[in-house]
Amino acid sequence: TEYYKVINMDFVFSNSSITGMLAVMPDREIKFEDEMVNFNFPIKSSLKLAKTFGYGARRVVDDGVTASDLCVYGINYLLDAGLLKKEDIGGILFISQTPDYIQPPTSNVIQGKLGLGYDVLCMDINQGCAGFVLGIFQAYSLLASGLEGKILLLNAETPSLVMPKRDRSSTPLFGDAATITVIEKTDAETPSRFKIKNDGSRYDALIIPAGGFRMRCSTETSVETQQEDGNFRSLEHPVMKGDDVYNFTVNEVIELIEEMVSTSSLTKEDIDYYMLHQPNRFILQNMAKKMDIPEDKMPNNIVGLFGNSSSAALPVNIVYNFGEILERRELTFLLSGFGIGLSWNTALMKLGNLNFCKMVGHSLCQ
């Protein structure tokens with residue numbers, strides 16, 4: 001059986017599918033209106049910004065909760081509900097930029113907490129907003145190479161733990177979440193196509209300068225100072241070149257999406273929905289307009305409801321907007337992740353008839 005080939009620079013996989021999706025959302029909600037007092041800007045100005053970019057509410061973890069806690073909670077939920085069996089798990093693929101530790105790999109931590117067998121493959125990938133599509137690609141590659149069992153693709157992010165409270169440009173956008181995507185070998189007839197791009201020459205467009213080994217954390221790096229944009233942050237907080245990221249999104253990302261469609265056998269109209277990473281509502285509205293795609297075919301509501309959870313935002317988008325539908329039937333999706341790295345990618349696939357596709361809450365009291 002042929003599982004993998006390359007056509008027109010697309011990576012094409014057959015006989016592998018997503019068979020279930022679960023989103024784990026922290027129960028703690030913070031509303032933008034309640035955060036405005038932290039920012040060094042007039043209330044009227046902040047409200048105007050909120051309307052443009054879609055600020056609303058975001059979900060954040062309780063004190064002491066990490067990315068692995070959300071994942072373990074979600075996997076145990078599936079095990080307890082009879083939707084997953086331990087003996088069927090062949091691999092754990094953990095994708096995050098907020099791991100539990102610098103060392104060891106968080107996938108190993110999760111494997112140990114669940115008491116899984118020694119033969120379960122554990123792998124961490126340090127990736128952000130492009131991490132969901134990249135994770136599917138990696139899972140399909142592992143299955144094509146002969147890995148047996150189901151792969152649990154875990155996209156888990158807790159950006160609230162690294163965000164400065166006085167930074168209006170980023171903090172209100174980001175929320176915490178984890179998603180568990182079950183991927184396995186199937187008899188699916190329709191292949192899935194992927195395009196993967198990276199440009200490391202622009203690595204500093206989105207960056208936390210301090211905290212790694214290039215610049216270790218110190219007393220000096222933790223000091224918050226007022227920046228040119230009026231926000232307060234330290235070298236241990238994320239910083240983004242907003243104009244550069246916006247131009248990258250509406251140029252290279254759109255170009256790759258349109259290339260994916262043009263090299264496939266489908267037209268834009270044949271695709272049911274364009275499920276993109278959601279950095280903010282403004283960017284997605286402009287992308288839809290530039291690509292001449294009806295806005296209702298490119299959902300943009302996740303940031304305002306839950307916050308941008310980086311690699312988990314795209315699967316949260318799918319689960320929240322189409323969970324019940326995907327348990328009953330298939331849809332043709334174009335997926336696209338883009339952001340830190342700079343990295344961007346796209347996938348064209350059928351998704352549906354899932355064993356489960358739902359959202360659950362998580363808090364310390366559960």
# chains A, B, ... in the order shown; residues from 1 in each chain; ligands from 1
$ closest_atom_pairs --of "stretch 97-145 of chain A" --to "stretch 274-292 of chain A" --cutoff "9 Å" --atoms "only C-alpha atoms" --output "Markdown table"
| residue | atom | partner | partner_atom | distance |
| --- | --- | --- | --- | --- |
| A:Cys129 | CA | A:His277 | CA | 6.6 |
| A:Ala130 | CA | A:His277 | CA | 7.6 |
| A:Phe132 | CA | A:His277 | CA | 9.0 |
$ write_last_selection --atoms "all heavy atoms" --output "CSV table (one decimal), in the first residue's frame"
chain,number,residue,atom,x,y,z
A,129,CYS,N,2.5,28.9,16.0
A,129,CYS,CA,1.2,29.0,15.3
A,129,CYS,C,1.1,28.1,14.1
A,129,CYS,O,0.0,27.8,13.6
A,129,CYS,CB,1.0,30.4,14.9
A,129,CYS,SG,1.0,31.6,16.4
A,130,ALA,N,2.2,27.6,13.6
A,130,ALA,CA,2.2,26.7,12.4
A,130,ALA,C,2.2,25.2,12.9
A,130,ALA,O,2.3,24.3,12.1
A,130,ALA,CB,3.4,26.9,11.5
A,132,PHE,N,0.1,23.0,14.3
A,132,PHE,CA,-1.0,22.0,14.1
A,132,PHE,C,-0.8,21.3,12.8
A,132,PHE,O,-0.8,20.1,12.7
A,132,PHE,CB,-2.4,22.6,14.3
A,132,PHE,CG,-3.5,21.6,14.1
A,132,PHE,CD1,-3.6,20.5,14.9
A,132,PHE,CD2,-4.4,21.7,13.1
A,132,PHE,CE1,-4.6,19.6,14.8
A,132,PHE,CE2,-5.4,20.8,12.9
A,132,PHE,CZ,-5.5,19.7,13.8
$ closest_atom_pairs --of "stretch 26-145 of chain A" --to "stretch 337-344 of chain A" --cutoff "12 Å" --atoms "only C-alpha atoms" --output "CSV"
residue,atom,partner,partner_atom,distance
A:Ser96,CA,A:Ile340,CA,11.8
A:Gln97,CA,A:Ile340,CA,10.0
A:Asn126,CA,A:Gly341,CA,10.1
A:Gln127,CA,A:Ile340,CA,7.6
A:Gly128,CA,A:Ile340,CA,6.0
A:Cys129,CA,A:Gly339,CA,5.2
A:Ala130,CA,A:Gly337,CA,3.9
A:Gly131,CA,A:Gly337,CA,6.9
A:Phe132,CA,A:Gly337,CA,7.0
A:Val133,CA,A:Gly337,CA,6.3
A:Leu134,CA,A:Gly337,CA,8.3
A:Gly135,CA,A:Gly337,CA,10.7
A:Ile136,CA,A:Gly337,CA,11.5
$ write_last_selection --atoms "all heavy atoms" --output "CSV table (one decimal), in the first residue's frame"
chain,number,residue,atom,x,y,z
A,96,SER,N,4.6,22.5,21.3
A,96,SER,CA,4.4,23.7,22.2
A,96,SER,C,5.6,24.6,22.2
A,96,SER,O,6.7,24.2,21.9
A,96,SER,CB,4.1,23.1,23.6
A,96,SER,OG,3.9,24.2,24.5
A,97,GLN,N,5.3,25.8,22.6
A,97,GLN,CA,6.4,26.7,22.9
A,97,GLN,C,6.4,27.1,24.4
A,97,GLN,O,7.2,28.0,24.8
A,97,GLN,CB,6.3,28.0,22.1
A,97,GLN,CG,6.5,27.6,20.6
A,97,GLN,CD,7.2,28.7,19.8
A,97,GLN,OE1,6.8,29.8,19.7
A,97,GLN,NE2,8.3,28.3,19.2
A,126,ASN,N,9.3,22.0,19.0
A,126,ASN,CA,9.2,23.4,19.4
A,126,ASN,C,8.7,24.2,18.3
A,126,ASN,O,9.4,24.6,17.4
A,126,ASN,CB,10.6,23.9,19.9
A,126,ASN,CG,10.6,25.4,20.3
A,126,ASN,OD1,9.6,26.0,20.3
A,126,ASN,ND2,11.7,25.9,20.6
A,127,GLN,N,7.4,24.5,18.2
A,127,GLN,CA,6.8,25.2,17.1
A,127,GLN,C,5.6,26.0,17.7
A,127,GLN,O,5.0,25.6,18.7
A,127,GLN,CB,6.4,24.3,16.0
A,127,GLN,CG,5.7,24.9,14.8
A,127,GLN,CD,6.6,26.1,14.2
A,127,GLN,OE1,6.4,27.2,14.6
A,127,GLN,NE2,7.4,25.7,13.3
A,128,GLY,N,5.2,27.1,17.1
A,128,GLY,CA,4.1,27.9,17.5
A,128,GLY,C,2.9,27.8,16.6
A,128,GLY,O,2.3,26.7,16.5
A,129,CYS,N,2.5,28.9,16.0
A,129,CYS,CA,1.2,29.0,15.3
A,129,CYS,C,1.1,28.1,14.1
A,129,CYS,O,0.0,27.8,13.6
A,129,CYS,CB,1.0,30.4,14.9
A,129,CYS,SG,1.0,31.6,16.4
A,130,ALA,N,2.2,27.6,13.6
A,130,ALA,CA,2.2,26.7,12.4
A,130,ALA,C,2.2,25.2,12.9
A,130,ALA,O,2.3,24.3,12.1
A,130,ALA,CB,3.4,26.9,11.5
A,131,GLY,N,2.1,25.0,14.2
A,131,GLY,CA,2.4,23.7,14.8
A,131,GLY,C,1.3,22.7,14.6
A,131,GLY,O,1.6,21.5,14.6
A,132,PHE,N,0.1,23.0,14.3
A,132,PHE,CA,-1.0,22.0,14.1
A,132,PHE,C,-0.8,21.3,12.8
A,132,PHE,O,-0.8,20.1,12.7
A,132,PHE,CB,-2.4,22.6,14.3
A,132,PHE,CG,-3.5,21.6,14.1
A,132,PHE,CD1,-3.6,20.5,14.9
A,132,PHE,CD2,-4.4,21.7,13.1
A,132,PHE,CE1,-4.6,19.6,14.8
A,132,PHE,CE2,-5.4,20.8,12.9
A,132,PHE,CZ,-5.5,19.7,13.8
A,133,VAL,N,-0.7,22.1,11.7
A,133,VAL,CA,-0.5,21.5,10.4
A,133,VAL,C,0.8,20.7,10.4
A,133,VAL,O,0.9,19.6,9.8
A,133,VAL,CB,-0.6,22.5,9.3
A,133,VAL,CG1,-0.2,21.9,7.9
A,133,VAL,CG2,-1.9,23.2,9.2
A,134,LEU,N,1.9,21.3,10.9
A,134,LEU,CA,3.2,20.6,11.0
A,134,LEU,C,3.0,19.3,11.8
A,134,LEU,O,3.6,18.3,11.4
A,134,LEU,CB,4.2,21.5,11.6
A,134,LEU,CG,5.6,20.9,11.7
A,134,LEU,CD1,6.2,20.7,10.3
A,134,LEU,CD2,6.5,21.8,12.6
A,135,GLY,N,2.2,19.3,12.8
A,135,GLY,CA,2.0,18.1,13.6
A,135,GLY,C,1.3,17.0,12.9
A,135,GLY,O,1.7,15.8,13.0
A,136,ILE,N,0.3,17.4,12.1
A,136,ILE,CA,-0.4,16.4,11.3
A,136,ILE,C,0.6,15.8,10.3
A,136,ILE,O,0.6,14.5,10.1
A,136,ILE,CB,-1.6,17.0,10.6
A,136,ILE,CG1,-2.6,17.6,11.6
A,136,ILE,CG2,-2.3,15.9,9.7
A,136,ILE,CD1,-3.7,18.4,10.9
$ residues_around --residues "A:Gly54" --least-positions-apart "2" --cutoff "8 Å" --atoms "only C-alpha atoms" --output "NGL selection string"
:A and (50-52 or 56 or 280-282 or 301 or 303-304)
$ residues_around --residues "A:Phe174" --least-positions-apart "2" --cutoff "6 Å" --atoms "only C-alpha atoms" --output "JSON, numbers by chain"
{"A": [171, 172, 307, 308, 309]}
$ residues_around --residues "stretch 195-211 of chain A" --least-positions-apart "4" --cutoff "8 Å" --atoms "only C-alpha atoms" --output "list of chain:residue names"
A:Met9, A:Asp10, A:Phe11, A:Leu134, A:Met215, A:Arg216, A:Cys217, A:Thr221, A:Leu235, A:Glu236, A:His237, A:Pro238, A:Val239, A:Met240, A:Lys241, A:Gly242, A:Asp244, A:Val245, A:Leu256, A:Met260, A:Gly339, A:Ile340, A:Gly341, A:Leu342, A:Ser343, A:Trp344, A:Asn345, A:Thr346, A:Ala347
$ write_last_selection --atoms "N, CA, C and O atoms" --output "tab-separated table (two decimals), in the first residue's frame"
chain	number	residue	atom	x	y	z
A	9	MET	N	5.61	19.26	-5.72
A	9	MET	CA	6.16	19.77	-4.46
A	9	MET	C	5.16	19.74	-3.32
A	9	MET	O	5.37	20.37	-2.28
A	10	ASP	N	4.04	19.02	-3.47
A	10	ASP	CA	3.15	18.73	-2.36
A	10	ASP	C	3.60	17.43	-1.72
A	10	ASP	O	4.02	16.49	-2.41
A	11	PHE	N	3.50	17.35	-0.41
A	11	PHE	CA	3.64	16.07	0.27
A	11	PHE	C	2.25	15.46	0.35
A	11	PHE	O	1.33	16.06	0.90
A	134	LEU	N	1.87	21.28	10.94
A	134	LEU	CA	3.15	20.58	10.99
A	134	LEU	C	3.02	19.27	11.77
A	134	LEU	O	3.62	18.26	11.41
A	215	MET	N	20.70	34.19	25.56
A	215	MET	CA	20.62	35.24	26.57
A	215	MET	C	19.92	34.64	27.80
A	215	MET	O	18.71	34.46	27.80
A	216	ARG	N	20.71	34.33	28.81
A	216	ARG	CA	20.16	33.71	30.01
A	216	ARG	C	19.34	34.73	30.80
A	216	ARG	O	19.61	35.94	30.77
A	217	CYS	N	18.34	34.26	31.54
A	217	CYS	CA	17.56	35.13	32.42
A	217	CYS	C	18.46	35.68	33.53
A	217	CYS	O	19.33	34.97	34.05
A	221	THR	N	17.39	41.18	32.79
A	221	THR	CA	16.43	40.83	31.74
A	221	THR	C	14.99	40.81	32.24
A	221	THR	O	14.07	40.84	31.43
A	235	LEU	N	12.83	41.83	28.64
A	235	LEU	CA	13.45	40.95	27.65
A	235	LEU	C	12.99	39.51	27.80
A	235	LEU	O	13.28	38.67	26.93
A	236	GLU	N	12.25	39.21	28.86
A	236	GLU	CA	11.73	37.87	29.06
A	236	GLU	C	10.29	37.74	28.56
A	236	GLU	O	9.65	36.71	28.78
A	237	HIS	N	9.81	38.78	27.89
A	237	HIS	CA	8.45	38.78	27.35
A	237	HIS	C	8.48	38.75	25.82
A	237	HIS	O	9.46	39.18	25.20
A	238	PRO	N	7.42	38.26	25.20
A	238	PRO	CA	7.36	38.22	23.74
A	238	PRO	C	7.34	39.63	23.14
A	238	PRO	O	6.72	40.54	23.69
A	239	VAL	N	8.01	39.79	22.03
A	239	VAL	CA	7.97	41.04	21.29
A	239	VAL	C	7.74	40.71	19.82
A	239	VAL	O	8.27	39.73	19.29
A	240	MET	N	6.91	41.50	19.17
A	240	MET	CA	6.54	41.23	17.78
A	240	MET	C	6.72	42.48	16.94
A	240	MET	O	6.34	43.58	17.36
A	241	LYS	N	7.28	42.30	15.76
A	241	LYS	CA	7.33	43.37	14.77
A	241	LYS	C	6.02	43.32	13.99
A	241	LYS	O	5.89	42.61	13.00
A	242	GLY	N	5.05	44.06	14.47
A	242	GLY	CA	3.68	43.94	13.97
A	242	GLY	C	3.53	44.13	12.48
A	242	GLY	O	2.86	43.35	11.80
A	244	ASP	N	5.80	43.80	10.12
A	244	ASP	CA	6.46	42.71	9.40
A	244	ASP	C	5.59	41.45	9.39
A	244	ASP	O	5.48	40.77	8.36
A	245	VAL	N	5.00	41.14	10.53
A	245	VAL	CA	4.17	39.94	10.63
A	245	VAL	C	2.91	40.09	9.79
A	245	VAL	O	2.48	39.15	9.11
A	256	LEU	N	0.85	31.01	-0.55
A	256	LEU	CA	0.94	29.57	-0.38
A	256	LEU	C	-0.44	28.92	-0.42
A	256	LEU	O	-0.62	27.85	-1.01
A	260	MET	N	-1.65	26.18	-3.16
A	260	MET	CA	-2.20	24.88	-2.82
A	260	MET	C	-3.47	24.60	-3.62
A	260	MET	O	-3.66	23.51	-4.17
A	339	GLY	N	3.25	31.84	11.48
A	339	GLY	CA	3.69	32.68	12.57
A	339	GLY	C	5.16	32.50	12.88
A	339	GLY	O	6.00	32.43	11.97
A	340	ILE	N	5.45	32.38	14.16
A	340	ILE	CA	6.81	32.43	14.69
A	340	ILE	C	7.74	31.50	13.93
A	340	ILE	O	7.38	30.39	13.57
A	341	GLY	N	8.92	32.00	13.64
A	341	GLY	CA	9.89	31.16	12.94
A	341	GLY	C	10.78	31.85	11.90
A	341	GLY	O	11.96	31.67	11.95
A	342	LEU	N	10.24	32.52	10.93
A	342	LEU	CA	8.86	32.51	10.48
A	342	LEU	C	8.56	31.18	9.79
A	342	LEU	O	9.38	30.66	9.03
A	343	SER	N	7.39	30.65	10.08
A	343	SER	CA	6.95	29.38	9.51
A	343	SER	C	5.53	29.53	8.99
A	343	SER	O	4.72	30.22	9.60
A	344	TRP	N	5.26	28.87	7.87
A	344	TRP	CA	3.90	28.85	7.36
A	344	TRP	C	3.68	27.58	6.57
A	344	TRP	O	4.59	27.00	5.99
A	345	ASN	N	2.46	27.11	6.57
A	345	ASN	CA	2.15	25.85	5.91
A	345	ASN	C	0.67	25.78	5.57
A	345	ASN	O	-0.13	26.62	6.02
A	346	THR	N	0.32	24.80	4.80
A	346	THR	CA	-1.07	24.60	4.45
A	346	THR	C	-1.31	23.12	4.16
A	346	THR	O	-0.40	22.39	3.78
A	347	ALA	N	-2.54	22.70	4.39
A	347	ALA	CA	-2.95	21.32	4.12
A	347	ALA	C	-4.32	21.34	3.50
A	347	ALA	O	-5.17	22.17	3.84
